[in-house]
Amino acid sequence: MASKAADVIGTQPLLPQPWVVSEVTRETDDVVTLTMDPGSGAAPMVFRPGQFNMLYAFGVGEVPISISGDPAHEAQLIHTLRAVGFVTRALCALQPGDLIGVRGPYGSHWPIEQHAGRDIVLVAGGIGLAPLRPAIYHILSHRDRYGEVALLYGARKPDELLFPDEFDAWRKAGIQVEITVDNADACWEGRVGVVTTLIRHGRFERTAASAFMCGPEVMMRFAAQELENQGVTPDKVFVSMERNMKCAIGLCGHCQLGPEFICTDGAVFALPRVQRLMTIREL
Amino acid sequence: MGPKRDASAFILPVARLDELFAALRSRGYACVGPTVRDAAIVYGDIEHSADLPRGWTDDHAPGSYRIKRRSDNAYFGYVVGPHAWKKYLFTPERRLWQLQRAGAKWERTDPPVEVQKYAFIGVRACEIAALQIQDRIFTGGQFVEPNYAATRREVFVVSVNCTQSASTCFCVSMDTGPEVRGGSDLTLTEILQPEHCFVVRADSERGDEVLASLDLDCARSEHSHAAAVGVDHARRQSRRLETAGLKDLLRRNSESPQWQDIASRCLSCANCTLACPTCFCSSVEDVSDLSGDHAERWQRWDSCFNPDFSYMHGGEVRRTTAARYRQWMTHKLSTWFDQFGSSGCVGCGRCISWCPVGIDITEEARKMREAEGVQS
Ligand SMILES: Cc1cc2nc3c(=O)[nH]c(=O)nc-3n(C[C@H](O)[C@H](O)[C@H](O)COP(=O)(O)OP(=O)(O)OC[C@H]3O[C@@H](n4cnc5c(N)ncnc54)[C@H](O)[C@@H]3O)c2cc1C
Ligand code: SF4
Ligand code: SF4
Ligand code: FES
């Protein structure tokens, strides 16, 4: 009685495609950037800044990881990930030539194109700079479409800063790059403190700016408050949310945040949609 | 002039019930339905009428379920059992794919989308509502679950109108029963007077075709009357869930002290979510064999009561039972509307009967409403 119905129903949405790791860049002690090319059977991936993929380490597991590369370069896929557990450790241990399973891209994106003509503030905490980097690349390629652009970035320690080699290029393109760390020894000449404190140093028109934020939920909550205090209205603020994810296609239920499915409704949300939810403990 | 007849309702004598199953089988359907196993009425394969729970009924109360003998030979004289039809469509466990590593290549074996052609025998009105809710989840969104979609499309629904309710039933409050209204191919009402038989109605073209092949007599008005009386009897339910404003009530009360009160009783065992006909959550497990070159991914039912469900690097988001119960109840009665345009509860009462400590969703909702009234 069992018969094949693939013809009528379409394809299974949960199958990982093989990609080949072409380059492994160690960013910090526990953060690695993987560059990969499509393996046999996998097609180049068109994606929007802020979207994520499910990355699979053979036999170990699969996790959601944002794309950190340039959306204009679809032949290559770039992800930056921190080794925090089983799967991410296995992924960070991959070597050039190894295969990695990829399915995606999933989720919403930074509405960067819709906010052309405005000033842009990017607020990043820790690994949160990785999901924002495609938006930065987009701005660099279309610099004349945006007014003032400020990147406000906080890391725990100076040696945990991601992509420091690129800061100069970004500054040359007229992006204000402000950095702070939570803890530093005497050699550090930059700012110390939480990323929220950078907002007042941002050179952008408060009432003409759109903000994109990615980082720990508490950080985003405080930063959203500070932005609002300074005159950036919540409807111009966008945040990338994070929850456990198993399917990434709205079917497994894991990523629910109140009424939202973070995998399909997000991960990028306009702040008003999640602002109340972010204040509810253990939601 | 003969007795009054109902041109759309027919009579299936008890002695001809097996002809219905034979007609379905000859059309390629595997019949599945209620059967007695391990002191419960569960869904399994039905070859003939003798497999049905003839002469059995069930007693329900918060935290308790028991089957017992009836004084008659009714086939569908029980209410609901611990199983839901979802197990046939959204299977409790399923292999998603297999990978074989050969040198620098992966060979992926994609599972075929398997269509099982089922006839569901004895589907209740609330269960049809639950099937329709899961249809929206698995086939109504951006991504379609192909196995669910393929099997569901073929299902032949033989529904049964309820003629009795359990003390745990509240389908009337949820407007999902006890009478079948749509979503069925053939609808039966079992009556014991004037004689033990089934009043049958076709509700789809497929149903029409099967019904015509059985060549049954039209129902007389006393049959139709007896069926209506039976359904009216089932409509008398003592359990109620006040649904007016319920969605917003729960939305407003995410920080209510009531959640702590419930958590002091809830064992976080996940029974309610597994028994619930609408719960759809699943997890996946990745495995590999000893050689390390063969890997598989399995999907299994999961529950928001499992600690791991909300695990993120650094710990569980919902650490407390209060947060987990809040997720379950708020999802069922509130956020489900935002996500799928309806309540996530159809009022079948399973979560009440199969809760080991008898937590009752209707009672908890009532207390939430009361507590708010007191505060404001
Ligand atoms: C939309 C999205 C984008 C993300 N982008 C990035 C990124 O660009 N770079 C990066 O380093 N990390 C990112 N993360 C976080 C990353 O997914 C987790 O660090 C990762 O899942 C941890 O898995 P693990 O097995 O290594 O950890 P373990 O602690 O061993 O986790 C076990 C399992 O729990 C689940 N889990 C644990 N933590 C998380 C988590 N934070 N989010 C979701 N599921 C989790 C996973 O299913 C995992 O397999 C992102 C998360 C989301 C939701
Ligand atoms: S109540 Fe829990 S298990 Fe059921 S669908 Fe909602 S989140 Fe999933
Ligand atoms: S929440 Fe309870 S009563 Fe409602 S559909 Fe689920 S099991 Fe039935
Ligand atoms: S990750 Fe499965 S529903 Fe969002």
# chains A, B, ... in the order shown; residues from 1 in each chain; ligands from 1
>>> select_by_dssp(residues="stretch 84-259 of chain A", states="helix (DSSP H, G or I)", output="MDAnalysis selection string")
chainID A and resid 86:92 126:141 143:145 158:160 164:172 195:201 206:208 217:229 234:236
>>> residues_around(residues="B:Glu296", least_positions_apart="5", cutoff="9 Å", atoms="only C-alpha atoms", output="list in words")
Gly59 of chain A; Arg95, Leu96, Trp97, Gln98, Leu99, Gln100, Glu285, Asp286, Val287, Ser288 and Asp289 of chain B
>>> closest_residue(among="A:Ala42, A:Leu34, A:Ile78, A:Val60", to="chain B", atoms="only C-alpha atoms")
A:Val60
>>> residues_near_ligand(ligand="ligand 2", cutoff="6 Å", atoms="only C-alpha atoms and all ligand atoms", output="PyMOL selection string")
(chain A and resi 253) or (chain B and resi 273+279-281+303-304+328+331-332)
>>> closest_atom_pairs(of="chain A", to="ligand 4", cutoff="9 Å", atoms="only C-alpha atoms and all ligand atoms", output="JSON lines")
{"residue": "A:Pro64", "atom": "CA", "partner": "ligand 4", "partner_atom_place_in_ligand_line": "1 (S)", "distance": 8.7}
{"residue": "A:Arg243", "atom": "CA", "partner": "ligand 4", "partner_atom_place_in_ligand_line": "1 (S)", "distance": 8.0}
{"residue": "A:Asn244", "atom": "CA", "partner": "ligand 4", "partner_atom_place_in_ligand_line": "1 (S)", "distance": 6.8}
{"residue": "A:Met245", "atom": "CA", "partner": "ligand 4", "partner_atom_place_in_ligand_line": "1 (S)", "distance": 3.7}
{"residue": "A:Lys246", "atom": "CA", "partner": "ligand 4", "partner_atom_place_in_ligand_line": "1 (S)", "distance": 4.7}
{"residue": "A:Cys247", "atom": "CA", "partner": "ligand 4", "partner_atom_place_in_ligand_line": "2 (Fe)", "distance": 3.9}
{"residue": "A:Ala248", "atom": "CA", "partner": "ligand 4", "partner_atom_place_in_ligand_line": "1 (S)", "distance": 3.8}
{"residue": "A:Ile249", "atom": "CA", "partner": "ligand 4", "partner_atom_place_in_ligand_line": "2 (Fe)", "distance": 5.6}
{"residue": "A:Gly250", "atom": "CA", "partner": "ligand 4", "partner_atom_place_in_ligand_line": "3 (S)", "distance": 3.4}
{"residue": "A:Leu251", "atom": "CA", "partner": "ligand 4", "partner_atom_place_in_ligand_line": "3 (S)", "distance": 4.4}
{"residue": "A:Cys252", "atom": "CA", "partner": "ligand 4", "partner_atom_place_in_ligand_line": "2 (Fe)", "distance": 3.7}
{"residue": "A:Gly253", "atom": "CA", "partner": "ligand 4", "partner_atom_place_in_ligand_line": "3 (S)", "distance": 4.0}
{"residue": "A:His254", "atom": "CA", "partner": "ligand 4", "partner_atom_place_in_ligand_line": "2 (Fe)", "distance": 5.2}
{"residue": "A:Cys255", "atom": "CA", "partner": "ligand 4", "partner_atom_place_in_ligand_line": "4 (Fe)", "distance": 4.4}
{"residue": "A:Gln256", "atom": "CA", "partner": "ligand 4", "partner_atom_place_in_ligand_line": "4 (Fe)", "distance": 6.6}
{"residue": "A:Glu260", "atom": "CA", "partner": "ligand 4", "partner_atom_place_in_ligand_line": "4 (Fe)", "distance": 8.9}
{"residue": "A:Phe261", "atom": "CA", "partner": "ligand 4", "partner_atom_place_in_ligand_line": "4 (Fe)", "distance": 5.2}
{"residue": "A:Ile262", "atom": "CA", "partner": "ligand 4", "partner_atom_place_in_ligand_line": "4 (Fe)", "distance": 5.7}
{"residue": "A:Cys263", "atom": "CA", "partner": "ligand 4", "partner_atom_place_in_ligand_line": "4 (Fe)", "distance": 4.2}
{"residue": "A:Thr264", "atom": "CA", "partner": "ligand 4", "partner_atom_place_in_ligand_line": "4 (Fe)", "distance": 6.4}
{"residue": "A:Asp265", "atom": "CA", "partner": "ligand 4", "partner_atom_place_in_ligand_line": "4 (Fe)", "distance": 8.8}
>>> residues_around(residues="B:Arg136", least_positions_apart="5", cutoff="9 Å", atoms="only C-alpha atoms", output="list in words")
Leu131, Gly141 and Phe340 of chain B
>>> write_last_selection(atoms="C-alpha atoms", output="PDB file, in the first residue's frame")
ATOM      1  CA  LEU B 131      -7.090  16.857  12.192  1.00  0.00           C
ATOM      2  CA  GLY B 141       2.097  27.195   5.753  1.00  0.00           C
ATOM      3  CA  PHE B 340      -2.873  29.219  13.013  1.00  0.00           C
TER       4      PHE B 340
END
>>> closest_residue(among="B:Arg16, B:Lys68, B:Arg236, B:His313", to="chain A", atoms="only C-alpha atoms")
B:His313
>>> select_by_dssp(residues="stretch 59-147 of chain B", states="strand (DSSP E or B)", output="NGL selection string")
:B and (59-61 or 64-69 or 93-102 or 105-109 or 114-115 or 118-123)
>>> residues_near_ligand(ligand="ligand 3", cutoff="6 Å", atoms="only C-alpha atoms and all ligand atoms", output="ChimeraX atom specification")
/B:275-277,345-351
>>> residues_near_ligand(ligand="ligand 1", cutoff="6 Å", atoms="only C-alpha atoms and all ligand atoms", output="VMD selection string")
(chain A and resid 52 61 to 66 80 to 82 84 to 89 127 130 to 131 242 to 246 267) or (chain B and resid 311 to 313)
>>> interface_residues(of="chain B", to="chain A", cutoff="8 Å", atoms="only C-alpha atoms", output="mmCIF file with C-alpha atoms, in the first residue's frame")
data_model
loop_
_atom_site.group_PDB
_atom_site.id
_atom_site.type_symbol
_atom_site.label_atom_id
_atom_site.label_comp_id
_atom_site.auth_asym_id
_atom_site.auth_seq_id
_atom_site.Cartn_x
_atom_site.Cartn_y
_atom_site.Cartn_z
ATOM 1 C CA GLY B 28 -7.292 -0.053 -1.203
ATOM 2 C CA LEU B 96 14.486 11.671 7.875
ATOM 3 C CA TRP B 97 17.505 10.547 5.892
ATOM 4 C CA ALA B 104 35.421 12.570 0.097
ATOM 5 C CA LYS B 105 31.786 12.010 -0.866
ATOM 6 C CA TRP B 106 28.472 11.666 0.920
ATOM 7 C CA ASP B 110 16.396 10.162 0.834
ATOM 8 C CA PRO B 112 10.612 7.917 -0.160
ATOM 9 C CA VAL B 113 7.542 9.941 0.662
ATOM 10 C CA GLU B 114 5.313 7.089 1.704
ATOM 11 C CA VAL B 115 1.610 7.283 1.169
ATOM 12 C CA GLN B 116 -0.396 5.050 3.409
ATOM 13 C CA LYS B 117 -3.980 4.802 2.310
ATOM 14 C CA ILE B 137 0.150 23.341 10.625
ATOM 15 C CA PHE B 138 1.690 20.713 8.377
ATOM 16 C CA GLN B 142 5.163 28.193 3.862
ATOM 17 C CA PHE B 143 6.674 24.718 4.242
ATOM 18 C CA VAL B 144 4.669 21.557 3.721
ATOM 19 C CA GLU B 145 5.456 18.310 5.523
ATOM 20 C CA PRO B 146 5.361 15.958 2.532
ATOM 21 C CA ALA B 149 0.383 15.838 3.173
ATOM 22 C CA ALA B 150 0.607 12.691 1.067
ATOM 23 C CA SER B 254 2.148 35.742 31.623
ATOM 24 C CA GLU B 255 3.385 36.804 35.066
ATOM 25 C CA PHE B 280 2.783 18.929 16.887
ATOM 26 C CA CYS B 281 6.245 19.455 18.348
ATOM 27 C CA SER B 282 9.118 17.234 17.348
ATOM 28 C CA SER B 283 12.829 16.927 17.833
ATOM 29 C CA VAL B 284 15.576 15.270 15.861
ATOM 30 C CA GLU B 285 18.364 12.945 16.863
ATOM 31 C CA ASP B 286 21.527 12.445 14.876
ATOM 32 C CA VAL B 287 23.168 9.068 15.119
ATOM 33 C CA SER B 288 26.126 7.380 13.520
ATOM 34 C CA GLY B 292 31.548 6.494 11.835
ATOM 35 C CA HIS B 294 27.048 5.904 8.328
ATOM 36 C CA ALA B 295 24.863 8.636 9.789
ATOM 37 C CA GLU B 296 21.111 8.979 10.200
ATOM 38 C CA CYS B 304 7.508 21.674 25.610
ATOM 39 C CA PHE B 309 13.122 21.498 24.536
ATOM 40 C CA SER B 310 14.221 25.076 25.153
ATOM 41 C CA TYR B 311 17.931 24.338 25.615
ATOM 42 C CA MET B 312 20.364 26.920 24.348
ATOM 43 C CA HIS B 313 24.037 27.171 24.957
ATOM 44 C CA VAL B 317 15.204 29.025 28.591
ATOM 45 C CA ARG B 318 12.211 27.516 30.410
ATOM 46 C CA ARG B 319 13.919 26.280 33.534
ATOM 47 C CA THR B 320 10.880 26.089 35.756
ATOM 48 C CA ALA B 323 7.333 28.463 32.583
ATOM 49 C CA GLN B 327 3.983 27.666 27.432
ATOM 50 C CA HIS B 331 0.033 28.056 23.334
ATOM 51 C CA THR B 335 -0.859 32.093 20.822
ATOM 52 C CA TRP B 336 -2.307 29.305 18.652
ATOM 53 C CA ASP B 338 -1.920 34.144 16.264
ATOM 54 C CA GLN B 339 -0.110 31.281 14.583
#
>>> residues_around(residues="B:Leu214", least_positions_apart="2", cutoff="8 Å", atoms="only C-alpha atoms", output="ChimeraX atom specification")
/B:19-20,23,210-212,216
>>> atom_distance(atom1="atom CA of B:Ile46", atom2="atom CA of B:Asp58")
19.6 Å
>>> closest_residue(among="A:Glu178, A:Asp119, A:Asp235, A:Asp37", to="A:Arg206", atoms="only C-alpha atoms")
A:Asp119
>>> residues_around(residues="A:Ala184", least_positions_apart="2", cutoff="10 Å", atoms="only C-alpha atoms", output="PDB file with N, CA, C and O atoms, in the first residue's frame")
ATOM      1  N   ARG A 156      33.767  40.754  24.915  1.00  0.00           N
ATOM      2  CA  ARG A 156      34.145  40.596  26.323  1.00  0.00           C
ATOM      3  C   ARG A 156      35.571  41.086  26.572  1.00  0.00           C
ATOM      4  O   ARG A 156      35.838  41.813  27.507  1.00  0.00           O
ATOM      5  N   LYS A 157      36.477  40.658  25.682  1.00  0.00           N
ATOM      6  CA  LYS A 157      37.892  41.018  25.852  1.00  0.00           C
ATOM      7  C   LYS A 157      38.454  41.441  24.507  1.00  0.00           C
ATOM      8  O   LYS A 157      37.938  41.036  23.463  1.00  0.00           O
ATOM      9  N   PRO A 158      39.558  42.203  24.513  1.00  0.00           N
ATOM     10  CA  PRO A 158      40.142  42.645  23.231  1.00  0.00           C
ATOM     11  C   PRO A 158      40.447  41.484  22.295  1.00  0.00           C
ATOM     12  O   PRO A 158      40.225  41.595  21.086  1.00  0.00           O
ATOM     13  N   ASP A 159      40.927  40.352  22.825  1.00  0.00           N
ATOM     14  CA  ASP A 159      41.285  39.274  21.901  1.00  0.00           C
ATOM     15  C   ASP A 159      40.060  38.485  21.431  1.00  0.00           C
ATOM     16  O   ASP A 159      40.186  37.499  20.719  1.00  0.00           O
ATOM     17  N   THR A 180      34.079  48.623  22.166  1.00  0.00           N
ATOM     18  CA  THR A 180      34.258  48.591  23.612  1.00  0.00           C
ATOM     19  C   THR A 180      34.424  47.135  24.048  1.00  0.00           C
ATOM     20  O   THR A 180      33.964  46.222  23.361  1.00  0.00           O
ATOM     21  N   VAL A 181      35.098  46.943  25.170  1.00  0.00           N
ATOM     22  CA  VAL A 181      35.224  45.585  25.726  1.00  0.00           C
ATOM     23  C   VAL A 181      34.795  45.628  27.191  1.00  0.00           C
ATOM     24  O   VAL A 181      34.849  46.667  27.837  1.00  0.00           O
ATOM     25  N   ASP A 182      34.361  44.471  27.681  1.00  0.00           N
ATOM     26  CA  ASP A 182      33.916  44.404  29.078  1.00  0.00           C
ATOM     27  C   ASP A 182      35.113  44.429  30.032  1.00  0.00           C
ATOM     28  O   ASP A 182      35.073  45.055  31.077  1.00  0.00           O
ATOM     29  N   ALA A 186      46.017  46.477  30.914  1.00  0.00           N
ATOM     30  CA  ALA A 186      46.539  47.834  30.742  1.00  0.00           C
ATOM     31  C   ALA A 186      46.932  48.147  29.298  1.00  0.00           C
ATOM     32  O   ALA A 186      46.989  49.317  28.903  1.00  0.00           O
ATOM     33  N   CYS A 187      47.237  47.105  28.494  1.00  0.00           N
ATOM     34  CA  CYS A 187      47.646  47.348  27.114  1.00  0.00           C
ATOM     35  C   CYS A 187      46.517  47.918  26.260  1.00  0.00           C
ATOM     36  O   CYS A 187      46.762  48.496  25.211  1.00  0.00           O
ATOM     37  N   TRP A 188      45.304  47.713  26.677  1.00  0.00           N
ATOM     38  CA  TRP A 188      44.144  48.132  25.885  1.00  0.00           C
ATOM     39  C   TRP A 188      43.942  49.634  26.008  1.00  0.00           C
ATOM     40  O   TRP A 188      43.807  50.175  27.098  1.00  0.00           O
ATOM     41  N   GLU A 189      43.951  50.297  24.875  1.00  0.00           N
ATOM     42  CA  GLU A 189      43.799  51.754  24.910  1.00  0.00           C
ATOM     43  C   GLU A 189      42.386  52.207  24.572  1.00  0.00           C
ATOM     44  O   GLU A 189      42.071  53.393  24.635  1.00  0.00           O
ATOM     45  N   GLY A 190      41.555  51.249  24.190  1.00  0.00           N
ATOM     46  CA  GLY A 190      40.197  51.620  23.780  1.00  0.00           C
ATOM     47  C   GLY A 190      39.248  51.730  24.967  1.00  0.00           C
ATOM     48  O   GLY A 190      39.665  51.790  26.125  1.00  0.00           O
ATOM     49  N   ARG A 191      37.957  51.730  24.637  1.00  0.00           N
ATOM     50  CA  ARG A 191      36.924  51.904  25.653  1.00  0.00           C
ATOM     51  C   ARG A 191      36.671  50.600  26.413  1.00  0.00           C
ATOM     52  O   ARG A 191      36.785  49.510  25.858  1.00  0.00           O
ATOM     53  N   VAL A 192      36.286  50.761  27.667  1.00  0.00           N
ATOM     54  CA  VAL A 192      35.854  49.619  28.473  1.00  0.00           C
ATOM     55  C   VAL A 192      34.438  49.911  28.948  1.00  0.00           C
ATOM     56  O   VAL A 192      34.151  51.016  29.418  1.00  0.00           O
ATOM     57  N   GLY A 193      33.571  48.920  28.813  1.00  0.00           N
ATOM     58  CA  GLY A 193      32.183  49.108  29.246  1.00  0.00           C
ATOM     59  C   GLY A 193      31.239  48.369  28.323  1.00  0.00           C
ATOM     60  O   GLY A 193      31.672  47.806  27.309  1.00  0.00           O
TER      61      GLY A 193
END
>>> atom_distance(atom1="atom CA of B:Arg27", atom2="atom CA of B:Arg181")
24.7 Å
>>> residues_around(residues="B:Pro178", least_positions_apart="3", cutoff="8 Å", atoms="only C-alpha atoms", output="list in words")
Arg124, Ala125, Cys126, Asn161, Cys162, Thr163, Cys171, Val172, Val231, Ala234 and Arg235 of chain B
>>> residues_around(residues="A:Ile112", least_positions_apart="5", cutoff="12 Å", atoms="only C-alpha atoms", output="PyMOL selection string")
chain A and resi 48-50+117-122+132-140+142-143+145-146+149+209-212+236-238+268
>>> atom_distance(atom1="atom CA of A:Met220", atom2="atom CA of A:Ile199")
12.0 Å
>>> closest_residue(among="B:Ser256, B:Ser165, B:Ser8, B:Ser26", to="B:Tyr78", atoms="only C-alpha atoms")
B:Ser165
>>> decode(residues="stretch 347-363 of chain B", atoms="N, CA, C and O atoms", output="PDB file, in the first residue's frame")
ATOM      1  N   GLY B 347     -11.168  20.543  22.982  1.00  0.00           N
ATOM      2  CA  GLY B 347     -12.063  20.135  24.060  1.00  0.00           C
ATOM      3  C   GLY B 347     -12.267  18.646  24.217  1.00  0.00           C
ATOM      4  O   GLY B 347     -13.299  18.207  24.723  1.00  0.00           O
ATOM      5  N   CYS B 348     -11.273  17.848  23.818  1.00  0.00           N
ATOM      6  CA  CYS B 348     -11.430  16.390  23.890  1.00  0.00           C
ATOM      7  C   CYS B 348     -11.237  15.851  25.302  1.00  0.00           C
ATOM      8  O   CYS B 348     -11.627  14.725  25.597  1.00  0.00           O
ATOM      9  N   GLY B 349     -10.588  16.634  26.162  1.00  0.00           N
ATOM     10  CA  GLY B 349     -10.432  16.228  27.556  1.00  0.00           C
ATOM     11  C   GLY B 349      -9.299  15.257  27.841  1.00  0.00           C
ATOM     12  O   GLY B 349      -9.083  14.868  29.001  1.00  0.00           O
ATOM     13  N   ARG B 350      -8.556  14.846  26.833  1.00  0.00           N
ATOM     14  CA  ARG B 350      -7.492  13.853  27.064  1.00  0.00           C
ATOM     15  C   ARG B 350      -6.460  14.344  28.084  1.00  0.00           C
ATOM     16  O   ARG B 350      -6.013  13.599  28.951  1.00  0.00           O
ATOM     17  N   CYS B 351      -6.067  15.607  27.967  1.00  0.00           N
ATOM     18  CA  CYS B 351      -5.020  16.104  28.864  1.00  0.00           C
ATOM     19  C   CYS B 351      -5.481  16.079  30.321  1.00  0.00           C
ATOM     20  O   CYS B 351      -4.656  16.020  31.231  1.00  0.00           O
ATOM     21  N   ILE B 352      -6.801  16.110  30.524  1.00  0.00           N
ATOM     22  CA  ILE B 352      -7.340  16.075  31.887  1.00  0.00           C
ATOM     23  C   ILE B 352      -7.298  14.639  32.412  1.00  0.00           C
ATOM     24  O   ILE B 352      -6.808  14.375  33.511  1.00  0.00           O
ATOM     25  N   SER B 353      -7.785  13.698  31.596  1.00  0.00           N
ATOM     26  CA  SER B 353      -7.814  12.291  32.031  1.00  0.00           C
ATOM     27  C   SER B 353      -6.414  11.718  32.209  1.00  0.00           C
ATOM     28  O   SER B 353      -6.174  10.944  33.137  1.00  0.00           O
ATOM     29  N   TRP B 354      -5.490  12.073  31.302  1.00  0.00           N
ATOM     30  CA  TRP B 354      -4.167  11.442  31.339  1.00  0.00           C
ATOM     31  C   TRP B 354      -3.126  12.240  32.109  1.00  0.00           C
ATOM     32  O   TRP B 354      -1.945  11.910  32.074  1.00  0.00           O
ATOM     33  N   CYS B 355      -3.559  13.278  32.792  1.00  0.00           N
ATOM     34  CA  CYS B 355      -2.636  13.970  33.704  1.00  0.00           C
ATOM     35  C   CYS B 355      -2.561  13.157  34.980  1.00  0.00           C
ATOM     36  O   CYS B 355      -3.578  12.937  35.631  1.00  0.00           O
ATOM     37  N   PRO B 356      -1.390  12.691  35.353  1.00  0.00           N
ATOM     38  CA  PRO B 356      -1.307  11.824  36.543  1.00  0.00           C
ATOM     39  C   PRO B 356      -1.800  12.499  37.813  1.00  0.00           C
ATOM     40  O   PRO B 356      -2.222  11.820  38.749  1.00  0.00           O
ATOM     41  N   VAL B 357      -1.747  13.831  37.864  1.00  0.00           N
ATOM     42  CA  VAL B 357      -2.226  14.495  39.076  1.00  0.00           C
ATOM     43  C   VAL B 357      -3.536  15.259  38.829  1.00  0.00           C
ATOM     44  O   VAL B 357      -3.967  16.045  39.664  1.00  0.00           O
ATOM     45  N   GLY B 358      -4.150  14.993  37.683  1.00  0.00           N
ATOM     46  CA  GLY B 358      -5.489  15.526  37.447  1.00  0.00           C
ATOM     47  C   GLY B 358      -5.575  17.023  37.239  1.00  0.00           C
ATOM     48  O   GLY B 358      -6.589  17.637  37.576  1.00  0.00           O
ATOM     49  N   ILE B 359      -4.543  17.634  36.688  1.00  0.00           N
ATOM     50  CA  ILE B 359      -4.636  19.060  36.383  1.00  0.00           C
ATOM     51  C   ILE B 359      -5.613  19.231  35.217  1.00  0.00           C
ATOM     52  O   ILE B 359      -5.567  18.476  34.246  1.00  0.00           O
ATOM     53  N   ASP B 360      -6.492  20.196  35.361  1.00  0.00           N
ATOM     54  CA  ASP B 360      -7.607  20.360  34.433  1.00  0.00           C
ATOM     55  C   ASP B 360      -7.513  21.742  33.775  1.00  0.00           C
ATOM     56  O   ASP B 360      -7.637  22.766  34.440  1.00  0.00           O
ATOM     57  N   ILE B 361      -7.276  21.732  32.484  1.00  0.00           N
ATOM     58  CA  ILE B 361      -7.035  22.989  31.762  1.00  0.00           C
ATOM     59  C   ILE B 361      -8.220  23.953  31.888  1.00  0.00           C
ATOM     60  O   ILE B 361      -8.040  25.169  31.979  1.00  0.00           O
ATOM     61  N   THR B 362      -9.434  23.412  31.949  1.00  0.00           N
ATOM     62  CA  THR B 362     -10.609  24.297  32.052  1.00  0.00           C
ATOM     63  C   THR B 362     -10.655  24.963  33.423  1.00  0.00           C
ATOM     64  O   THR B 362     -10.980  26.143  33.554  1.00  0.00           O
ATOM     65  N   GLU B 363     -10.305  24.176  34.428  1.00  0.00           N
ATOM     66  CA  GLU B 363     -10.312  24.678  35.799  1.00  0.00           C
ATOM     67  C   GLU B 363      -9.200  25.718  35.991  1.00  0.00           C
ATOM     68  O   GLU B 363      -9.395  26.762  36.625  1.00  0.00           O
TER      69      GLU B 363
END
